[in-house]
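Next comes final_15.pdb, with PDB, C-alpha atoms.
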```
MODEL        1
ATOM      1  CA  MET A1311     127.744  34.047 102.281  1.00  0.00           C
ATOM      2  CA  THR A1312     124.203  35.302 101.911  1.00  0.00           C
ATOM      3  CA  ILE A1313     123.794  38.852 100.659  1.00  0.00           C
ATOM      4  CA  ARG A1314     120.702  40.594 101.872  1.00  0.00           C
ATOM      5  CA  ARG A1315     119.267  43.208  99.589  1.00  0.00           C
ATOM      6  CA  GLN A1316     117.792  46.233 101.197  1.00  0.00           C
ATOM      7  CA  ARG A1317     115.589  48.725  99.421  1.00  0.00           C
ATOM      8  CA  LEU A1318     116.995  52.138 100.058  1.00  0.00           C
ATOM      9  CA  HIS A1319     114.619  55.102 100.346  1.00  0.00           C
ATOM     10  CA  PRO A1320     116.168  58.328  99.174  1.00  0.00           C
ATOM     11  CA  ALA A1321     115.777  61.132 101.681  1.00  0.00           C
ATOM     12  CA  SER A1322     113.580  63.067  99.277  1.00  0.00           C
ATOM     13  CA  PHE A1323     110.934  60.350  99.457  1.00  0.00           C
ATOM     14  CA  THR A1324     110.645  59.830 103.204  1.00  0.00           C
ATOM     15  CA  PRO A1325     107.220  60.458 104.743  1.00  0.00           C
ATOM     16  CA  ASN A1326     108.502  63.544 106.538  1.00  0.00           C
ATOM     17  CA  SER A1327     109.920  64.930 103.322  1.00  0.00           C
ATOM     18  CA  HIS A1328     106.621  64.319 101.543  1.00  0.00           C
ATOM     19  CA  PHE A1329     104.874  66.320 104.229  1.00  0.00           C
ATOM     20  CA  THR A1330     107.418  69.136 103.935  1.00  0.00           C
ATOM     21  CA  LEU A1331     107.005  69.196 100.158  1.00  0.00           C
ATOM     22  CA  LEU A1332     103.225  69.447 100.457  1.00  0.00           C
ATOM     23  CA  ILE A1333     103.543  72.324 102.905  1.00  0.00           C
ATOM     24  CA  PHE A1334     105.922  74.099 100.523  1.00  0.00           C
ATOM     25  CA  ILE A1335     103.558  73.659  97.562  1.00  0.00           C
ATOM     26  CA  ALA A1336     100.565  74.876  99.562  1.00  0.00           C
ATOM     27  CA  THR A1337     102.469  77.931 100.814  1.00  0.00           C
ATOM     28  CA  ALA A1338     103.722  78.804  97.335  1.00  0.00           C
ATOM     29  CA  ALA A1339     100.228  78.486  95.897  1.00  0.00           C
ATOM     30  CA  THR A1340      98.818  80.754  98.594  1.00  0.00           C
ATOM     31  CA  LEU A1341     101.480  83.392  98.014  1.00  0.00           C
ATOM     32  CA  LEU A1342     100.929  83.234  94.259  1.00  0.00           C
ATOM     33  CA  HIS A1343      97.181  83.585  94.732  1.00  0.00           C
ATOM     34  CA  HIS A1344      97.531  86.658  96.932  1.00  0.00           C
ATOM     35  CA  HIS A1345     100.038  88.202  94.552  1.00  0.00           C
ATOM     36  CA  THR A1346      97.891  87.802  91.477  1.00  0.00           C
ATOM     37  CA  VAL A1347      94.749  89.070  93.189  1.00  0.00           C
ATOM     38  CA  ALA A1348      96.515  92.033  94.793  1.00  0.00           C
ATOM     39  CA  ALA A1349      98.169  93.151  91.541  1.00  0.00           C
ATOM     40  CA  ALA A1350      95.015  94.681  90.136  1.00  0.00           C
ATOM     41  CA  MET A1351      93.109  97.907  89.802  1.00  0.00           C
ATOM     42  CA  ARG A1352      90.315  97.923  92.359  1.00  0.00           C
ATOM     43  CA  LEU A1353      86.912  99.595  92.447  1.00  0.00           C
ATOM     44  CA  VAL A1354      84.535  99.664  95.370  1.00  0.00           C
ATOM     45  CA  ILE A1355      81.188 100.629  93.871  1.00  0.00           C
ATOM     46  CA  GLN A1356      78.069 101.623  95.740  1.00  0.00           C
ATOM     47  CA  ARG A1357      74.591 102.106  94.361  1.00  0.00           C
ATOM     48  CA  VAL A1358      73.483 105.435  95.765  1.00  0.00           C
ATOM     49  CA  LYS A1359      70.449 107.681  95.924  1.00  0.00           C
ATOM     50  CA  SER A1360      72.840 110.614  96.222  1.00  0.00           C
ATOM     51  CA  ALA A1361      76.535 111.295  96.826  1.00  0.00           C
ATOM     52  CA  SER A1362      78.820 114.298  97.132  1.00  0.00           C
ATOM     53  CA  VAL A1363      82.436 115.361  97.686  1.00  0.00           C
ATOM     54  CA  THR A1364      83.429 118.353  99.809  1.00  0.00           C
ATOM     55  CA  VAL A1365      86.938 119.863  99.974  1.00  0.00           C
ATOM     56  CA  ASP A1366      87.824 122.651 102.408  1.00  0.00           C
ATOM     57  CA  GLN A1367      84.163 122.945 103.391  1.00  0.00           C
ATOM     58  CA  LYS A1368      83.166 123.558  99.760  1.00  0.00           C
ATOM     59  CA  GLN A1369      81.141 121.020  97.821  1.00  0.00           C
ATOM     60  CA  ILE A1370      82.888 120.317  94.517  1.00  0.00           C
ATOM     61  CA  SER A1371      80.815 117.421  93.135  1.00  0.00           C
ATOM     62  CA  ALA A1372      77.373 115.971  93.714  1.00  0.00           C
ATOM     63  CA  ILE A1373      75.136 113.406  92.023  1.00  0.00           C
ATOM     64  CA  GLY A1374      71.628 112.078  92.434  1.00  0.00           C
ATOM     65  CA  PRO A1375      70.849 108.406  91.800  1.00  0.00           C
ATOM     66  CA  GLY A1376      73.781 106.484  90.373  1.00  0.00           C
ATOM     67  CA  ILE A1377      77.125 104.990  91.395  1.00  0.00           C
ATOM     68  CA  LEU A1378      79.799 106.153  93.799  1.00  0.00           C
ATOM     69  CA  ALA A1379      83.059 104.469  92.774  1.00  0.00           C
ATOM     70  CA  LEU A1380      86.155 104.445  94.979  1.00  0.00           C
ATOM     71  CA  VAL A1381      89.133 103.925  92.654  1.00  0.00           C
ATOM     72  CA  GLY A1382      92.354 102.251  93.831  1.00  0.00           C
ATOM     73  CA  LEU A1383      95.399 101.812  91.584  1.00  0.00           C
ATOM     74  CA  HIS A1384      98.004  99.101  92.196  1.00  0.00           C
ATOM     75  CA  HIS A1385     101.606  99.950  91.334  1.00  0.00           C
ATOM     76  CA  GLU A1386     101.625  97.284  88.585  1.00  0.00           C
ATOM     77  CA  ASP A1387      98.470  98.462  86.809  1.00  0.00           C
ATOM     78  CA  THR A1388      98.506  99.118  83.066  1.00  0.00           C
ATOM     79  CA  GLU A1389      96.103 100.552  80.516  1.00  0.00           C
ATOM     80  CA  SER A1390      94.402  97.169  80.132  1.00  0.00           C
ATOM     81  CA  ASP A1391      93.436  97.300  83.825  1.00  0.00           C
ATOM     82  CA  LEU A1392      91.852 100.718  83.271  1.00  0.00           C
ATOM     83  CA  GLN A1393      89.913  99.420  80.271  1.00  0.00           C
ATOM     84  CA  TYR A1394      88.683  96.365  82.154  1.00  0.00           C
ATOM     85  CA  CYS A1395      87.394  98.372  85.122  1.00  0.00           C
ATOM     86  CA  ALA A1396      85.851 101.073  82.930  1.00  0.00           C
ATOM     87  CA  LYS A1397      83.924  98.473  80.966  1.00  0.00           C
ATOM     88  CA  ARG A1398      82.776  96.662  84.111  1.00  0.00           C
ATOM     89  CA  LEU A1399      81.701  99.864  85.827  1.00  0.00           C
ATOM     90  CA  MET A1400      79.577 100.974  82.899  1.00  0.00           C
ATOM     91  CA  ALA A1401      78.039  97.519  82.417  1.00  0.00           C
ATOM     92  CA  VAL A1402      77.268  96.432  85.987  1.00  0.00           C
ATOM     93  CA  LYS A1403      73.510  95.962  86.347  1.00  0.00           C
ATOM     94  CA  LEU A1404      72.398  97.339  89.677  1.00  0.00           C
ATOM     95  CA  TRP A1405      68.820  98.385  88.909  1.00  0.00           C
ATOM     96  CA  GLU A1406      65.548  96.757  88.013  1.00  0.00           C
ATOM     97  CA  ASN A1407      63.946  97.148  84.595  1.00  0.00           C
ATOM     98  CA  ASP A1408      60.551  98.596  83.768  1.00  0.00           C
ATOM     99  CA  ASN A1409      58.934  95.238  84.510  1.00  0.00           C
ATOM    100  CA  GLY A1410      60.325  95.193  88.041  1.00  0.00           C
ATOM    101  CA  ALA A1411      62.937  92.472  87.402  1.00  0.00           C
ATOM    102  CA  ALA A1412      65.973  93.083  89.635  1.00  0.00           C
ATOM    103  CA  TRP A1413      69.571  93.448  88.452  1.00  0.00           C
ATOM    104  CA  ARG A1414      68.652  94.093  84.802  1.00  0.00           C
ATOM    105  CA  GLN A1415      69.783  97.619  83.927  1.00  0.00           C
ATOM    106  CA  HIS A1416      73.086  99.493  84.108  1.00  0.00           C
ATOM    107  CA  VAL A1417      73.790 103.156  84.752  1.00  0.00           C
ATOM    108  CA  LYS A1418      73.527 104.208  81.100  1.00  0.00           C
ATOM    109  CA  GLN A1419      70.158 102.546  80.641  1.00  0.00           C
ATOM    110  CA  LYS A1420      68.864 104.435  83.677  1.00  0.00           C
ATOM    111  CA  GLY A1421      70.469 107.729  82.627  1.00  0.00           C
ATOM    112  CA  PHE A1422      72.103 108.041  86.057  1.00  0.00           C
ATOM    113  CA  GLU A1423      75.458 109.566  87.074  1.00  0.00           C
ATOM    114  CA  ILE A1424      78.808 108.223  88.294  1.00  0.00           C
ATOM    115  CA  LEU A1425      80.928 109.905  90.945  1.00  0.00           C
ATOM    116  CA  CYS A1426      84.531 108.641  91.094  1.00  0.00           C
ATOM    117  CA  VAL A1427      86.815 109.235  94.069  1.00  0.00           C
ATOM    118  CA  SER A1428      90.533 108.351  93.970  1.00  0.00           C
ATOM    119  CA  GLN A1429      91.300 106.046  96.898  1.00  0.00           C
ATOM    120  CA  PHE A1430      94.874 104.793  97.294  1.00  0.00           C
ATOM    121  CA  THR A1431      94.002 103.367 100.723  1.00  0.00           C
ATOM    122  CA  LEU A1432      92.205 100.491  98.980  1.00  0.00           C
ATOM    123  CA  TYR A1433      95.687  98.979  98.755  1.00  0.00           C
ATOM    124  CA  GLY A1434      96.551  99.532 102.385  1.00  0.00           C
ATOM    125  CA  THR A1435      97.884  96.626 104.427  1.00  0.00           C
ATOM    126  CA  LEU A1436      98.423  96.440 108.177  1.00  0.00           C
ATOM    127  CA  SER A1437     101.846  96.019 109.730  1.00  0.00           C
ATOM    128  CA  LYS A1438     102.496  93.972 112.865  1.00  0.00           C
ATOM    129  CA  LYS A1439     101.943  97.191 114.797  1.00  0.00           C
ATOM    130  CA  ASN A1440      98.571  97.598 113.063  1.00  0.00           C
ATOM    131  CA  GLN A1441      99.783 100.652 111.159  1.00  0.00           C
ATOM    132  CA  PRO A1442      98.575 101.086 107.546  1.00  0.00           C
ATOM    133  CA  ASP A1443     101.148 100.549 104.816  1.00  0.00           C
ATOM    134  CA  TYR A1444     100.469 101.678 101.265  1.00  0.00           C
ATOM    135  CA  LYS A1445     103.473 100.296  99.411  1.00  0.00           C
ATOM    136  CA  LEU A1446     101.209  98.349  97.020  1.00  0.00           C
ATOM    137  CA  ALA A1447      99.491 101.528  95.850  1.00  0.00           C
ATOM    138  CA  MET A1448     100.702 103.350  92.761  1.00  0.00           C
ATOM    139  CA  LYS A1449     102.868 106.436  93.362  1.00  0.00           C
ATOM    140  CA  ALA A1450     100.987 109.725  93.282  1.00  0.00           C
ATOM    141  CA  ASP A1451     102.296 111.244  90.023  1.00  0.00           C
ATOM    142  CA  GLN A1452     101.731 108.122  87.953  1.00  0.00           C
ATOM    143  CA  ALA A1453      98.442 107.399  89.709  1.00  0.00           C
ATOM    144  CA  GLN A1454      97.053 110.832  88.891  1.00  0.00           C
ATOM    145  CA  THR A1455      97.869 110.363  85.212  1.00  0.00           C
ATOM    146  CA  MET A1456      96.242 106.946  85.072  1.00  0.00           C
ATOM    147  CA  TYR A1457      93.248 108.048  87.141  1.00  0.00           C
ATOM    148  CA  ASN A1458      92.583 110.888  84.692  1.00  0.00           C
ATOM    149  CA  GLN A1459      92.955 108.418  81.847  1.00  0.00           C
ATOM    150  CA  PHE A1460      90.348 106.221  83.518  1.00  0.00           C
ATOM    151  CA  LEU A1461      87.937 109.152  83.765  1.00  0.00           C
ATOM    152  CA  ASP A1462      88.481 109.900  80.075  1.00  0.00           C
ATOM    153  CA  MET A1463      87.575 106.297  79.218  1.00  0.00           C
ATOM    154  CA  LEU A1464      84.319 106.616  81.131  1.00  0.00           C
ATOM    155  CA  LYS A1465      83.482 109.924  79.435  1.00  0.00           C
ATOM    156  CA  GLU A1466      84.163 108.425  76.016  1.00  0.00           C
ATOM    157  CA  GLY A1467      81.603 105.704  76.705  1.00  0.00           C
ATOM    158  CA  TYR A1468      78.932 107.944  78.218  1.00  0.00           C
ATOM    159  CA  GLU A1469      77.816 111.558  78.446  1.00  0.00           C
ATOM    160  CA  LYS A1470      80.727 113.613  79.798  1.00  0.00           C
ATOM    161  CA  ASP A1471      78.602 115.652  82.189  1.00  0.00           C
ATOM    162  CA  ARG A1472      77.399 112.467  83.896  1.00  0.00           C
ATOM    163  CA  ILE A1473      80.921 111.471  84.991  1.00  0.00           C
ATOM    164  CA  LEU A1474      82.061 113.431  88.032  1.00  0.00           C
ATOM    165  CA  ASP A1475      84.994 113.048  90.424  1.00  0.00           C
ATOM    166  CA  GLY A1476      86.518 114.374  93.589  1.00  0.00           C
ATOM    167  CA  LYS A1477      89.868 116.156  93.842  1.00  0.00           C
ATOM    168  CA  PHE A1478      92.920 113.934  93.481  1.00  0.00           C
ATOM    169  CA  GLY A1479      95.333 113.985  96.396  1.00  0.00           C
ATOM    170  CA  GLU A1480      93.170 116.176  98.616  1.00  0.00           C
ATOM    171  CA  MET A1481      91.485 115.468 101.920  1.00  0.00           C
ATOM    172  CA  MET A1482      87.865 114.882 100.959  1.00  0.00           C
ATOM    173  CA  ASP A1483      84.621 114.558 102.867  1.00  0.00           C
ATOM    174  CA  VAL A1484      82.570 112.000 100.947  1.00  0.00           C
ATOM    175  CA  GLY A1485      78.881 111.854 101.703  1.00  0.00           C
ATOM    176  CA  LEU A1486      76.410 109.315 100.336  1.00  0.00           C
ATOM    177  CA  VAL A1487      73.047 107.670 100.780  1.00  0.00           C
ATOM    178  CA  ASN A1488      73.646 104.026  99.900  1.00  0.00           C
ATOM    179  CA  ASP A1489      70.645 102.588  98.091  1.00  0.00           C
ATOM    180  CA  GLY A1490      69.945  99.133  99.481  1.00  0.00           C
ATOM    181  CA  PRO A1491      72.662  99.103 100.656  1.00  0.00           C
ATOM    182  CA  VAL A1492      74.379  97.692  97.566  1.00  0.00           C
ATOM    183  CA  THR A1493      78.193  97.560  97.541  1.00  0.00           C
ATOM    184  CA  LEU A1494      80.397  95.539  95.174  1.00  0.00           C
ATOM    185  CA  VAL A1495      84.136  95.167  94.563  1.00  0.00           C
ATOM    186  CA  ILE A1496      85.621  94.960  91.071  1.00  0.00           C
ATOM    187  CA  ASP A1497      89.229  93.843  90.566  1.00  0.00           C
ATOM    188  CA  SER A1498      90.717  94.132  87.089  1.00  0.00           C
ATOM    189  CA  ARG A1499      92.333  90.700  87.400  1.00  0.00           C
ATOM    190  CA  GLU A1500      89.551  88.957  89.254  1.00  0.00           C
ATOM    191  CA  ASP A1501      89.466  86.129  86.735  1.00  0.00           C
ATOM    192  CA  LYS A1502      91.956  84.363  84.505  1.00  0.00           C
ATOM    193  CA  LYS A1503      91.075  86.468  81.494  1.00  0.00           C
ATOM    194  CA  GLY A1504      91.549  89.676  83.419  1.00  0.00           C
ATOM    195  CA  LEU A1505      94.867  88.447  84.809  1.00  0.00           C
ATOM    196  CA  LEU A1506      96.203  87.743  81.332  1.00  0.00           C
ATOM    197  CA  GLY A1507      94.897  90.991  79.894  1.00  0.00           C
ATOM    198  CA  SER A1508      92.510  89.326  77.503  1.00  0.00           C
ATOM    199  CA  GLN A1509      90.994  90.885  74.430  1.00  0.00           C
ATOM    200  CA  SER A1510      87.714  91.285  76.283  1.00  0.00           C
ATOM    201  CA  SER A1511      89.208  94.128  78.317  1.00  0.00           C
ATOM    202  CA  SER A1512      90.111  96.035  75.161  1.00  0.00           C
ATOM    203  CA  VAL A1513      86.567  96.124  73.819  1.00  0.00           C
ATOM    204  CA  SER A1514      85.241  99.674  73.677  1.00  0.00           C
ATOM    205  CA  LEU A1515      82.609 100.724  76.183  1.00  0.00           C
ATOM    206  CA  LYS A1516      80.121 101.421  73.412  1.00  0.00           C
ATOM    207  CA  ASP A1517      80.610  97.958  71.905  1.00  0.00           C
ATOM    208  CA  GLY A1518      80.517  96.376  75.352  1.00  0.00           C
ATOM    209  CA  GLU A1519      76.974  97.594  75.885  1.00  0.00           C
ATOM    210  CA  LYS A1520      75.747  95.319  73.091  1.00  0.00           C
ATOM    211  CA  SER A1521      76.818  92.189  74.939  1.00  0.00           C
ATOM    212  CA  ASN A1522      75.008  93.339  78.071  1.00  0.00           C
ATOM    213  CA  ARG A1523      71.740  94.268  76.444  1.00  0.00           C
ATOM    214  CA  GLU A1524      68.572  93.090  78.185  1.00  0.00           C
ATOM    215  CA  GLU A1525      64.927  93.652  77.381  1.00  0.00           C
ATOM    216  CA  ARG A1526      63.727  96.697  79.190  1.00  0.00           C
TER     217      ARG A1526
ENDMDL
END
```

Re-express the file's structure as structure tokens.
Amino acid sequence: MTIRRQRLHPASFTPNSHFTLLIFIATAATLLHHHTVAAAMRLVIQRVKSASVTVDQKQISAIGPGILALVGLHHEDTESDLQYCAKRLMAVKLWENDNGAAWRQHVKQKGFEILCVSQFTLYGTLSKKNQPDYKLAMKADQAQTMYNQFLDMLKEGYEKDRILDGKFGEMMDVGLVNDGPVTLVIDSREDKKGLLGSQSSSVSLKDGEKSNREER
């Protein structure tokens, strides 16, 4: 009697299963990517010629040339996220130098001002009914504490009277003249180092200026 040998293919290695596995890996990677990017403090910064905040028809803050920064806090943010964003905000080079070279000088080199506005809606998502959902944003009490801590970090690295803000938790009318326009987004975990809370985010704002020095 002749015995025929057949090569058995386990179910986990069939072509269809391979395809299913690839789909699973791709989906997991996408979800992981969105999770890591979303779990970050977020700034939307605008180079402005002027900006102001009005509450109850009364202007409470106003700046001339400088930066308007909308500040969004994710519910997983920590002090390292605050440090990262504070350092980035102070170091971002939005202006030309005395020789006319673009993107060479930051707000401190120009002697300009920064106006911060708390903005939990930066972590809004849309439901299937197209209604905003803010479950990713930090809760108000904790957010106010961390927002104030962020302002303190900025004031420690610059002149206190050049750091202004709106009024946390209030309905605000924000006016601005965008210079350019120039608008950028900073996420505290926008790169691998930021995601892991690297030592770079713990460098003081004053020390950080040294690494960003350019010839005027």

Excluding region 1485-1499 of chain A and any residue of its chain fewer than 6 positions from it, enumerate the residues within 6 Å of it, using all atoms listed in the file, and give them as a PDB file with C-alpha atoms, keeping the file's coordinate frame.
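The new file result05.pdb reads:
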```
ATOM      1  CA  ALA A1350      95.015  94.681  90.136  1.00  0.00           C
ATOM      2  CA  MET A1351      93.109  97.907  89.802  1.00  0.00           C
ATOM      3  CA  ARG A1352      90.315  97.923  92.359  1.00  0.00           C
ATOM      4  CA  LEU A1353      86.912  99.595  92.447  1.00  0.00           C
ATOM      5  CA  VAL A1354      84.535  99.664  95.370  1.00  0.00           C
ATOM      6  CA  ILE A1355      81.188 100.629  93.871  1.00  0.00           C
ATOM      7  CA  GLN A1356      78.069 101.623  95.740  1.00  0.00           C
ATOM      8  CA  ARG A1357      74.591 102.106  94.361  1.00  0.00           C
ATOM      9  CA  VAL A1358      73.483 105.435  95.765  1.00  0.00           C
ATOM     10  CA  LYS A1359      70.449 107.681  95.924  1.00  0.00           C
ATOM     11  CA  SER A1360      72.840 110.614  96.222  1.00  0.00           C
ATOM     12  CA  ALA A1361      76.535 111.295  96.826  1.00  0.00           C
ATOM     13  CA  SER A1362      78.820 114.298  97.132  1.00  0.00           C
ATOM     14  CA  ASP A1391      93.436  97.300  83.825  1.00  0.00           C
ATOM     15  CA  TYR A1394      88.683  96.365  82.154  1.00  0.00           C
ATOM     16  CA  CYS A1395      87.394  98.372  85.122  1.00  0.00           C
ATOM     17  CA  LEU A1505      94.867  88.447  84.809  1.00  0.00           C
TER      18      LEU A1505
END
```

Worksheet item: Suppose you want the space between CA of Asp1408 (chain A) and CA of Gly1376 (chain A); what is it in Å?
Response: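 Taking CA of Asp1408 (chain A) as the start and CA of Gly1376 (chain A) as the end point, the length is 16.8 Å.
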
Worksheet item: Interatomic distance between CA of His1384 (chain A) and CA of Tyr1433 (chain A)?
Response: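 Pair CA of His1384 (chain A) / CA of Tyr1433 (chain A) returns 7.0 Å.
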
Discussion item. Evaluated on this file, the PyMOL selection byres ((chain A and resi 1425) around 8) picks out some residues - which ones are they, written as a PyMOL selection string?
Written reply: chain A and resi 1361-1362+1371-1373+1376-1379+1423-1424+1426-1427+1473-1476

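What separates CA of Glu1469 (chain A) from CA of Thr1431 (chain A) is a distance of 28.7 Å.
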
Discussion item. Distance cut-off 6 Å, centre (89.6, 105.0, 92.5) in file coordinates, counting all atoms listed in the file: which residues qualify? Return them as a list in words.
Written reply: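 Every polymer residue passing the test: Leu1380, Val1381, Gly1382, Val1427, Ser1428 and Gln1429 of chain A.
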
Fill in: Given the PyMOL selection byres ((chain A and resi 1434) around 8), the residues it picks as an MDAnalysis selection string
chainID A and resid 1430:1433 1435:1436 1442:1447

Practice prompt. Expand the PyMOL selection byres ((chain A and resi 1368) around 12) into the individual residues it matches in the shown file, reporting them as a list in words.
Written response: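 Selection result, ordered by chain and number: Ser1362, Val1363, Thr1364, Val1365, Asp1366, Gln1367, Gln1369, Ile1370, Ser1371, Ala1372, Gly1476, Lys1477, Met1481, Met1482, Asp1483 and Val1484 of chain A.
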
Those same residues - C-alpha atoms - I'd like them written as a CSV table (one decimal), keeping the file's coordinate frame.
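again-v7.csv was written with the following content:
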```
chain,number,residue,atom,x,y,z
A,1362,SER,CA,78.8,114.3,97.1
A,1363,VAL,CA,82.4,115.4,97.7
A,1364,THR,CA,83.4,118.4,99.8
A,1365,VAL,CA,86.9,119.9,100.0
A,1366,ASP,CA,87.8,122.7,102.4
A,1367,GLN,CA,84.2,122.9,103.4
A,1369,GLN,CA,81.1,121.0,97.8
A,1370,ILE,CA,82.9,120.3,94.5
A,1371,SER,CA,80.8,117.4,93.1
A,1372,ALA,CA,77.4,116.0,93.7
A,1476,GLY,CA,86.5,114.4,93.6
A,1477,LYS,CA,89.9,116.2,93.8
A,1481,MET,CA,91.5,115.5,101.9
A,1482,MET,CA,87.9,114.9,101.0
A,1483,ASP,CA,84.6,114.6,102.9
A,1484,VAL,CA,82.6,112.0,100.9
```

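Of the residues listed (A:Val1402, A:Glu1480, A:Glu1500, A:Arg1472), A:Arg1472 shows the shortest atom-to-atom separation from Phe1422 (chain A); distances use all atoms listed in the file.
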
Discussion item. Neighbouring residues of Met1456 (chain A) were defined as those with any atom within 10 Å, considering only C-alpha atoms; residues of the same chain fewer than 4 positions away were excluded. Please report them as a VMD selection string.
Written reply: chain A and resid 1383 1387 to 1389 1392 1448 1450 to 1452 1460 to 1462

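Residue nearest Trp1405 (chain A), chosen from A:Thr1455, A:Tyr1468, A:Gln1393, A:Lys1420 and counting all atoms listed in the file: A:Lys1420.
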